[in-house]
Amino acid sequence: MSLHDTNPRQPAQPKRIALVIANPAVSTTTGWPVGFWWSELSHPYHVFTEAGHAVEIFSPARGRCEADAISDPNDASGYSRHDLISQGFIHTPFLLAQVQATRPVTDIDLARFDAIVVAGGQAPMFGFEHATALHTVFAAFYEAGKVAAALCHGVAILAYVKDSHGRYLASGKTVTGFANVEEDFADQAVWDYGLLPRGTHVMPWRIEDRLKALGANFVQAGAWRSFAVRDGNLVTGQQNFSGEATARLVIEALGR
C-alpha cells in the first residue's frame with residue numbers, strides 16, 4: 001500500500017481535470033504584454049488537488065506561459081500581495097515547471113479527462129479568437145456531458161465556441177464572466193493613473209455585451225465579488241476573485 005492509497009483526502013473515484021491557461025500575447029489596445037492571471041490558475045488548482053483530484057496544465061499553443069504582472073504577489077505594485085496561494089504555487093518548483101512548459105490543448109484526451117477549466121487573465125481577449133483547437137476541445141467536453149468551465153476573461157472562449165449544430169454554446173445559457181462594471185473600473189483606474197488616454201479602453205470588447213448579444217443570460221454579483229454559476233455541465237466564474245467558487249461548482253458538477 002502506498003501513501004497515496006492512504007491519503008484521507010483521496011476520493012473513491014478521483015477525477016482528472018485539464019486546466020488551460022493562455023499563452024502570452026500583446027494587447028492591441030494598449031500595446032502591453034498580457035498573459036494569464038495567477039490566482040485563476042493557482043486557486044482552482046489548490047481546490048481540486050485538496051479534494052484529491054488530478055490536474056494537468058495546458059495552453060492553446062503550448063510552451064512557456066507568462067502571467068499578467070499585477071497578478072504576481074511579488075509584483076512591485078502590491079496589487080496581489082495578499083495572494084498566498086499563488087505565492088506558494090510560484091515557489092513550488094514542480095508546479096512552476098508546468099507553467100514554463102505547458103502542453104498543447106491538442107494533447108487533451110477527452111476519454112482521459114472529466115473536466116476542462118479555462119483560466120483568464122488579459123491574454124484570452126486577444127488570443128482566444130484564433131485558438132480554434134481550444135474551441136473544438138471545449139465544445140467536445142460539453143457535448144460529451146463532461147464539465148466545461150471558464151473563469152473571468154477566460155469566459156471569452158464562449159464568444160467563439162459553437163456546438164455540433166453550429167449554434168453558439170452560450171446561447172440560452174446562464175453564464176457569468178468579467179462584468180461591464182469591472183471593465184468600467186479597470187478603464188477608470190488606468191485613466192486616473194495616466195497609463196492610457198481617457199476614452200481608451202483596456203479591452204477591445206466586453207464579455208458581458210458579447211454574450212448577451214449571443215443570447216446568453218448573463219448574470220453577475222457586483223464588482224469584485226466572488227461569484228460563479230452553473231448551468232448543467234457548463235460552469236463560469238465572474239473574475240479573479242472567483243477561482244475557488246468556480247472550482248467548487250466544478251467539483252459539484254463532477255459529483256464529488
# chains A, B, ... in the order shown; residues from 1 in each chain; ligands from 1
$ closest_atom_pairs --of "region 192-235 of chain A" --to "region 242-252 of chain A" --cutoff "9 Å" --atoms "only C-alpha atoms" --output "Markdown table"
| residue | atom | partner | partner_atom | distance |
| --- | --- | --- | --- | --- |
| A:Trp224 | CA | A:Ser242 | CA | 8.6 |
| A:Arg225 | CA | A:Ser242 | CA | 7.5 |
| A:Ser226 | CA | A:Ser242 | CA | 4.4 |
| A:Phe227 | CA | A:Ser242 | CA | 5.4 |
| A:Ala228 | CA | A:Thr246 | CA | 5.3 |
| A:Val229 | CA | A:Leu249 | CA | 7.5 |
| A:Arg230 | CA | A:Leu249 | CA | 6.7 |
| A:Asn233 | CA | A:Val250 | CA | 8.3 |
| A:Leu234 | CA | A:Val250 | CA | 8.7 |
| A:Val235 | CA | A:Val250 | CA | 6.6 |
$ residues_around --residues "Val105 (chain A)" --least-positions-apart "4" --cutoff "8 Å" --atoms "only C-alpha atoms" --output "list in words"
Val20, Phe58, Ser59, Pro60, Ala61, Arg62, Ala133, Leu134 and Val137 of chain A
$ residues_around --residues "Ala179 (chain A)" --least-positions-apart "5" --cutoff "8 Å" --atoms "only C-alpha atoms" --output "list of chain:residue names"
A:Arg206, A:Ile207, A:Glu208, A:Gln220, A:Ala223, A:Gln238
$ write_last_selection --atoms "C-alpha atoms" --output "PDB file, in the first residue's frame"
ATOM      1  CA  ARG A 206     -16.607  43.227 -23.450  1.00  0.00           C
ATOM      2  CA  ILE A 207     -17.630  39.746 -22.425  1.00  0.00           C
ATOM      3  CA  GLU A 208     -20.954  40.793 -20.898  1.00  0.00           C
ATOM      4  CA  GLN A 220     -23.112  38.931 -12.062  1.00  0.00           C
ATOM      5  CA  ALA A 223     -17.849  44.421  -8.838  1.00  0.00           C
ATOM      6  CA  GLN A 238     -17.006  36.124 -12.703  1.00  0.00           C
TER       7      GLN A 238
END
$ select_by_dssp --residues "region 65-199 of chain A" --states "alpha helix (DSSP H)" --output "PyMOL selection string"
chain A and resi 84-90+93-100+124-127+132-143+180-192
$ closest_residue --among "A:Leu211, A:Leu96, A:Val155, A:Leu195" --to "Phe178 (chain A)" --atoms "only C-alpha atoms"
A:Val155
$ select_by_dssp --residues "region 78-150 of chain A" --states "strand (DSSP E)" --output "PyMOL selection string"
chain A and resi 103-104+115-118+147-150
$ write_last_selection --atoms "all heavy atoms" --output "short mmCIF file (atom, residue, chain, number, x, y, z; two decimals), in the first residue's frame"
data_model
loop_
_atom_site.label_atom_id
_atom_site.label_comp_id
_atom_site.auth_asym_id
_atom_site.auth_seq_id
_atom_site.Cartn_x
_atom_site.Cartn_y
_atom_site.Cartn_z
N ARG A 103 1.71 21.91 -22.08
CA ARG A 103 1.41 21.06 -23.24
C ARG A 103 0.26 21.68 -24.03
O ARG A 103 -0.55 22.42 -23.48
CB ARG A 103 1.03 19.66 -22.75
CG ARG A 103 2.21 18.92 -22.14
CD ARG A 103 1.76 17.84 -21.18
NE ARG A 103 0.84 16.91 -21.81
CZ ARG A 103 0.00 16.13 -21.15
NH1 ARG A 103 -0.04 16.18 -19.82
NH2 ARG A 103 -0.78 15.29 -21.78
N PRO A 104 0.17 21.39 -25.33
CA PRO A 104 -0.89 21.99 -26.15
C PRO A 104 -2.25 21.36 -25.87
O PRO A 104 -2.33 20.17 -25.49
CB PRO A 104 -0.44 21.69 -27.58
CG PRO A 104 0.34 20.41 -27.45
CD PRO A 104 1.05 20.51 -26.13
N ALA A 115 -13.07 16.94 -16.85
CA ALA A 115 -13.45 18.35 -16.91
C ALA A 115 -12.35 19.16 -17.57
O ALA A 115 -11.18 18.79 -17.52
CB ALA A 115 -13.72 18.89 -15.51
N ILE A 116 -12.76 20.26 -18.19
CA ILE A 116 -11.82 21.25 -18.70
C ILE A 116 -12.17 22.58 -18.04
O ILE A 116 -13.34 22.93 -17.90
CB ILE A 116 -11.89 21.37 -20.23
CG1 ILE A 116 -10.80 22.34 -20.75
CG2 ILE A 116 -13.27 21.79 -20.73
CD1 ILE A 116 -10.64 22.33 -22.26
N VAL A 117 -11.15 23.30 -17.58
CA VAL A 117 -11.33 24.59 -16.92
C VAL A 117 -10.40 25.59 -17.61
O VAL A 117 -9.19 25.37 -17.67
CB VAL A 117 -11.01 24.52 -15.42
CG1 VAL A 117 -11.17 25.90 -14.77
CG2 VAL A 117 -11.89 23.50 -14.72
N VAL A 118 -10.96 26.67 -18.14
CA VAL A 118 -10.18 27.68 -18.85
C VAL A 118 -10.02 28.90 -17.96
O VAL A 118 -11.00 29.58 -17.62
CB VAL A 118 -10.87 28.07 -20.17
CG1 VAL A 118 -10.04 29.14 -20.91
CG2 VAL A 118 -11.06 26.84 -21.06
N VAL A 147 -17.74 18.20 -17.73
CA VAL A 147 -17.78 19.57 -17.23
C VAL A 147 -16.89 20.48 -18.08
O VAL A 147 -15.71 20.18 -18.31
CB VAL A 147 -17.34 19.64 -15.75
CG1 VAL A 147 -17.44 21.08 -15.24
CG2 VAL A 147 -18.21 18.72 -14.89
N ALA A 148 -17.47 21.59 -18.53
CA ALA A 148 -16.74 22.60 -19.29
C ALA A 148 -16.87 23.91 -18.51
O ALA A 148 -17.98 24.39 -18.28
CB ALA A 148 -17.31 22.74 -20.69
N ALA A 149 -15.74 24.47 -18.10
CA ALA A 149 -15.76 25.65 -17.23
C ALA A 149 -14.81 26.71 -17.74
O ALA A 149 -13.79 26.41 -18.38
CB ALA A 149 -15.39 25.26 -15.80
N ALA A 150 -15.15 27.97 -17.45
CA ALA A 150 -14.28 29.09 -17.80
C ALA A 150 -14.43 30.16 -16.73
O ALA A 150 -15.48 30.27 -16.08
CB ALA A 150 -14.64 29.65 -19.17
#
$ atom_distance --atom1 "CA of Thr102 (chain A)" --atom2 "CA of Val175 (chain A)"
27.7 Å
$ residues_around --residues "Asp187 (chain A)" --least-positions-apart "3" --cutoff "10 Å" --atoms "only C-alpha atoms" --output "PyMOL selection string"
chain A and resi 182-184+190-192+195-203
$ residues_around --residues "Gly121 (chain A)" --least-positions-apart "2" --cutoff "7 Å" --atoms "only C-alpha atoms" --output "list in words"
Gly35, Phe36, Trp37, Asp68, Ala123, Pro124, His153 and Gly154 of chain A
$ write_last_selection --atoms "C-alpha atoms" --output "PDB file, in the first residue's frame"
ATOM      1  CA  GLY A  35      -0.926  36.749 -20.143  1.00  0.00           C
ATOM      2  CA  PHE A  36      -2.869  34.551 -17.744  1.00  0.00           C
ATOM      3  CA  TRP A  37      -3.829  35.512 -14.173  1.00  0.00           C
ATOM      4  CA  ASP A  68      -0.156  39.383 -16.076  1.00  0.00           C
ATOM      5  CA  ALA A 123      -4.441  37.390 -22.948  1.00  0.00           C
ATOM      6  CA  PRO A 124      -7.639  35.430 -23.738  1.00  0.00           C
ATOM      7  CA  HIS A 153     -11.687  36.755 -19.157  1.00  0.00           C
ATOM      8  CA  GLY A 154     -11.282  33.046 -19.896  1.00  0.00           C
TER       9      GLY A 154
END
$ closest_residue --among "A:Asn180, A:Gln98, A:Ser27, A:Gln122" --to "Ala69 (chain A)" --atoms "only C-alpha atoms"
A:Gln122
$ atom_distance --atom1 "CA of Leu19 (chain A)" --atom2 "CA of Ile108 (chain A)"
10.0 Å
$ atom_distance --atom1 "CA of Glu129 (chain A)" --atom2 "CA of Arg210 (chain A)"
12.9 Å
$ residues_around --residues "Ala54 (chain A)" --least-positions-apart "4" --cutoff "8 Å" --atoms "only C-alpha atoms" --output "tab-separated table (two decimals) with all heavy atoms, in the first residue's frame"
chain	number	residue	atom	x	y	z
A	14	PRO	N	-11.19	9.52	-7.91
A	14	PRO	CA	-10.63	10.83	-8.23
A	14	PRO	C	-10.84	11.18	-9.70
A	14	PRO	O	-10.81	10.32	-10.57
A	14	PRO	CB	-9.14	10.67	-7.91
A	14	PRO	CG	-8.88	9.20	-7.96
A	14	PRO	CD	-10.14	8.56	-7.49
A	15	LYS	N	-11.08	12.46	-9.96
A	15	LYS	CA	-11.31	12.95	-11.31
A	15	LYS	C	-10.04	13.57	-11.86
A	15	LYS	O	-9.14	13.96	-11.13
A	15	LYS	CB	-12.44	13.98	-11.32
A	15	LYS	CG	-13.74	13.49	-10.70
A	15	LYS	CD	-14.33	12.31	-11.45
A	15	LYS	CE	-15.69	11.93	-10.87
A	15	LYS	NZ	-16.30	10.79	-11.58
A	16	ARG	N	-10.02	13.68	-13.18
A	16	ARG	CA	-8.85	14.27	-13.85
A	16	ARG	C	-9.31	15.54	-14.57
A	16	ARG	O	-10.26	15.50	-15.35
A	16	ARG	CB	-8.25	13.27	-14.83
A	16	ARG	CG	-6.90	13.69	-15.39
A	16	ARG	CD	-6.27	12.56	-16.17
A	16	ARG	NE	-5.96	11.44	-15.33
A	16	ARG	CZ	-4.87	11.31	-14.61
A	16	ARG	NH1	-3.97	12.28	-14.62
A	16	ARG	NH2	-4.66	10.24	-13.89
A	17	ILE	N	-8.64	16.65	-14.29
A	17	ILE	CA	-9.07	17.96	-14.77
A	17	ILE	C	-7.98	18.60	-15.62
A	17	ILE	O	-6.82	18.68	-15.20
A	17	ILE	CB	-9.42	18.87	-13.58
A	17	ILE	CG1	-10.58	18.26	-12.78
A	17	ILE	CG2	-9.78	20.27	-14.06
A	17	ILE	CD1	-10.70	18.76	-11.38
A	48	PHE	N	-8.91	21.81	-6.32
A	48	PHE	CA	-9.02	20.48	-6.95
A	48	PHE	C	-8.10	19.47	-6.28
A	48	PHE	O	-8.51	18.34	-5.97
A	48	PHE	CB	-8.69	20.56	-8.44
A	48	PHE	CG	-9.68	21.34	-9.26
A	48	PHE	CD1	-9.24	22.15	-10.31
A	48	PHE	CD2	-11.04	21.27	-9.01
A	48	PHE	CE1	-10.14	22.87	-11.07
A	48	PHE	CE2	-11.96	21.99	-9.76
A	48	PHE	CZ	-11.51	22.79	-10.80
A	49	THR	N	-6.85	19.85	-6.07
A	49	THR	CA	-5.91	18.89	-5.50
A	49	THR	C	-6.18	18.62	-4.02
A	49	THR	O	-5.97	17.51	-3.55
A	49	THR	CB	-4.45	19.36	-5.71
A	49	THR	OG1	-4.28	20.67	-5.16
A	49	THR	CG2	-4.10	19.36	-7.19
$ decode --residues "region 61-90 of chain A" --atoms "N, CA and C atoms" --output "mmCIF file, in the first residue's frame"
data_model
loop_
_atom_site.group_PDB
_atom_site.id
_atom_site.type_symbol
_atom_site.label_atom_id
_atom_site.label_comp_id
_atom_site.auth_asym_id
_atom_site.auth_seq_id
_atom_site.Cartn_x
_atom_site.Cartn_y
_atom_site.Cartn_z
ATOM 1 N N ALA A 61 -1.298 27.017 -27.394
ATOM 2 C CA ALA A 61 -0.172 26.874 -28.320
ATOM 3 C C ALA A 61 1.049 26.188 -27.712
ATOM 4 N N ARG A 62 0.920 25.696 -26.485
ATOM 5 C CA ARG A 62 1.995 25.015 -25.755
ATOM 6 C C ARG A 62 3.107 25.989 -25.351
ATOM 7 N N GLY A 63 4.053 25.485 -24.549
ATOM 8 C CA GLY A 63 5.241 26.252 -24.202
ATOM 9 C C GLY A 63 5.094 27.099 -22.954
ATOM 10 N N ARG A 64 6.060 27.996 -22.768
ATOM 11 C CA ARG A 64 6.127 28.826 -21.575
ATOM 12 C C ARG A 64 5.008 29.868 -21.577
ATOM 13 N N CYS A 65 4.311 29.969 -20.462
ATOM 14 C CA CYS A 65 3.270 30.981 -20.308
ATOM 15 C C CYS A 65 3.711 32.009 -19.279
ATOM 16 N N GLU A 66 3.261 33.228 -19.476
ATOM 17 C CA GLU A 66 3.608 34.332 -18.586
ATOM 18 C C GLU A 66 2.337 34.929 -18.007
ATOM 19 N N ALA A 67 2.397 35.292 -16.738
ATOM 20 C CA ALA A 67 1.232 35.872 -16.077
ATOM 21 C C ALA A 67 1.181 37.380 -16.256
ATOM 22 N N ASP A 68 -0.019 37.932 -16.183
ATOM 23 C CA ASP A 68 -0.156 39.383 -16.076
ATOM 24 C C ASP A 68 0.607 39.842 -14.843
ATOM 25 N N ALA A 69 1.412 40.873 -14.979
ATOM 26 C CA ALA A 69 2.358 41.262 -13.935
ATOM 27 C C ALA A 69 1.691 41.508 -12.587
ATOM 28 N N ILE A 70 0.572 42.255 -12.588
ATOM 29 C CA ILE A 70 -0.002 42.609 -11.284
ATOM 30 C C ILE A 70 -0.711 41.445 -10.606
ATOM 31 N N SER A 71 -0.827 40.304 -11.287
ATOM 32 C CA SER A 71 -1.389 39.117 -10.632
ATOM 33 C C SER A 71 -0.334 38.381 -9.814
ATOM 34 N N ASP A 72 0.927 38.758 -9.979
ATOM 35 C CA ASP A 72 2.029 38.143 -9.243
ATOM 36 C C ASP A 72 2.125 38.795 -7.862
ATOM 37 N N PRO A 73 2.045 38.001 -6.783
ATOM 38 C CA PRO A 73 2.121 38.597 -5.443
ATOM 39 C C PRO A 73 3.444 39.282 -5.150
ATOM 40 N N ASN A 74 4.453 39.046 -5.995
ATOM 41 C CA ASN A 74 5.752 39.681 -5.804
ATOM 42 C C ASN A 74 5.915 40.958 -6.637
ATOM 43 N N ASP A 75 4.901 41.313 -7.409
ATOM 44 C CA ASP A 75 4.989 42.499 -8.247
ATOM 45 C C ASP A 75 5.075 43.760 -7.399
ATOM 46 N N ALA A 76 5.836 44.729 -7.868
ATOM 47 C CA ALA A 76 6.063 45.967 -7.113
ATOM 48 C C ALA A 76 4.786 46.750 -6.849
ATOM 49 N N SER A 77 3.769 46.551 -7.669
ATOM 50 C CA SER A 77 2.515 47.263 -7.469
ATOM 51 C C SER A 77 1.836 46.882 -6.161
ATOM 52 N N GLY A 78 2.097 45.663 -5.680
ATOM 53 C CA GLY A 78 1.473 45.182 -4.451
ATOM 54 C C GLY A 78 0.024 44.783 -4.621
ATOM 55 N N TYR A 79 -0.490 44.804 -5.857
ATOM 56 C CA TYR A 79 -1.909 44.527 -6.087
ATOM 57 C C TYR A 79 -2.312 43.144 -5.583
ATOM 58 N N SER A 80 -1.443 42.154 -5.750
ATOM 59 C CA SER A 80 -1.787 40.774 -5.377
ATOM 60 C C SER A 80 -0.956 40.246 -4.204
ATOM 61 N N ARG A 81 -0.412 41.145 -3.400
ATOM 62 C CA ARG A 81 0.489 40.706 -2.337
ATOM 63 C C ARG A 81 -0.202 39.822 -1.290
ATOM 64 N N HIS A 82 -1.534 39.906 -1.217
ATOM 65 C CA HIS A 82 -2.304 39.100 -0.263
ATOM 66 C C HIS A 82 -2.461 37.657 -0.729
ATOM 67 N N ASP A 83 -2.101 37.363 -1.983
ATOM 68 C CA ASP A 83 -2.416 36.064 -2.580
ATOM 69 C C ASP A 83 -1.371 35.013 -2.213
ATOM 70 N N LEU A 84 -1.525 34.434 -1.033
ATOM 71 C CA LEU A 84 -0.555 33.464 -0.535
ATOM 72 C C LEU A 84 -0.631 32.135 -1.286
ATOM 73 N N ILE A 85 -1.790 31.811 -1.838
ATOM 74 C CA ILE A 85 -1.902 30.563 -2.601
ATOM 75 C C ILE A 85 -1.055 30.649 -3.862
ATOM 76 N N SER A 86 -1.136 31.778 -4.567
ATOM 77 C CA SER A 86 -0.289 31.950 -5.753
ATOM 78 C C SER A 86 1.182 32.018 -5.370
ATOM 79 N N GLN A 87 1.477 32.642 -4.236
ATOM 80 C CA GLN A 87 2.865 32.699 -3.766
ATOM 81 C C GLN A 87 3.423 31.298 -3.558
ATOM 82 N N GLY A 88 2.620 30.439 -2.966
ATOM 83 C CA GLY A 88 3.055 29.068 -2.760
ATOM 84 C C GLY A 88 3.236 28.321 -4.062
ATOM 85 N N PHE A 89 2.342 28.556 -5.019
ATOM 86 C CA PHE A 89 2.438 27.896 -6.321
ATOM 87 C C PHE A 89 3.727 28.316 -7.023
ATOM 88 N N ILE A 90 3.979 29.629 -7.042
ATOM 89 C CA ILE A 90 5.157 30.163 -7.729
ATOM 90 C C ILE A 90 6.451 29.625 -7.131
#
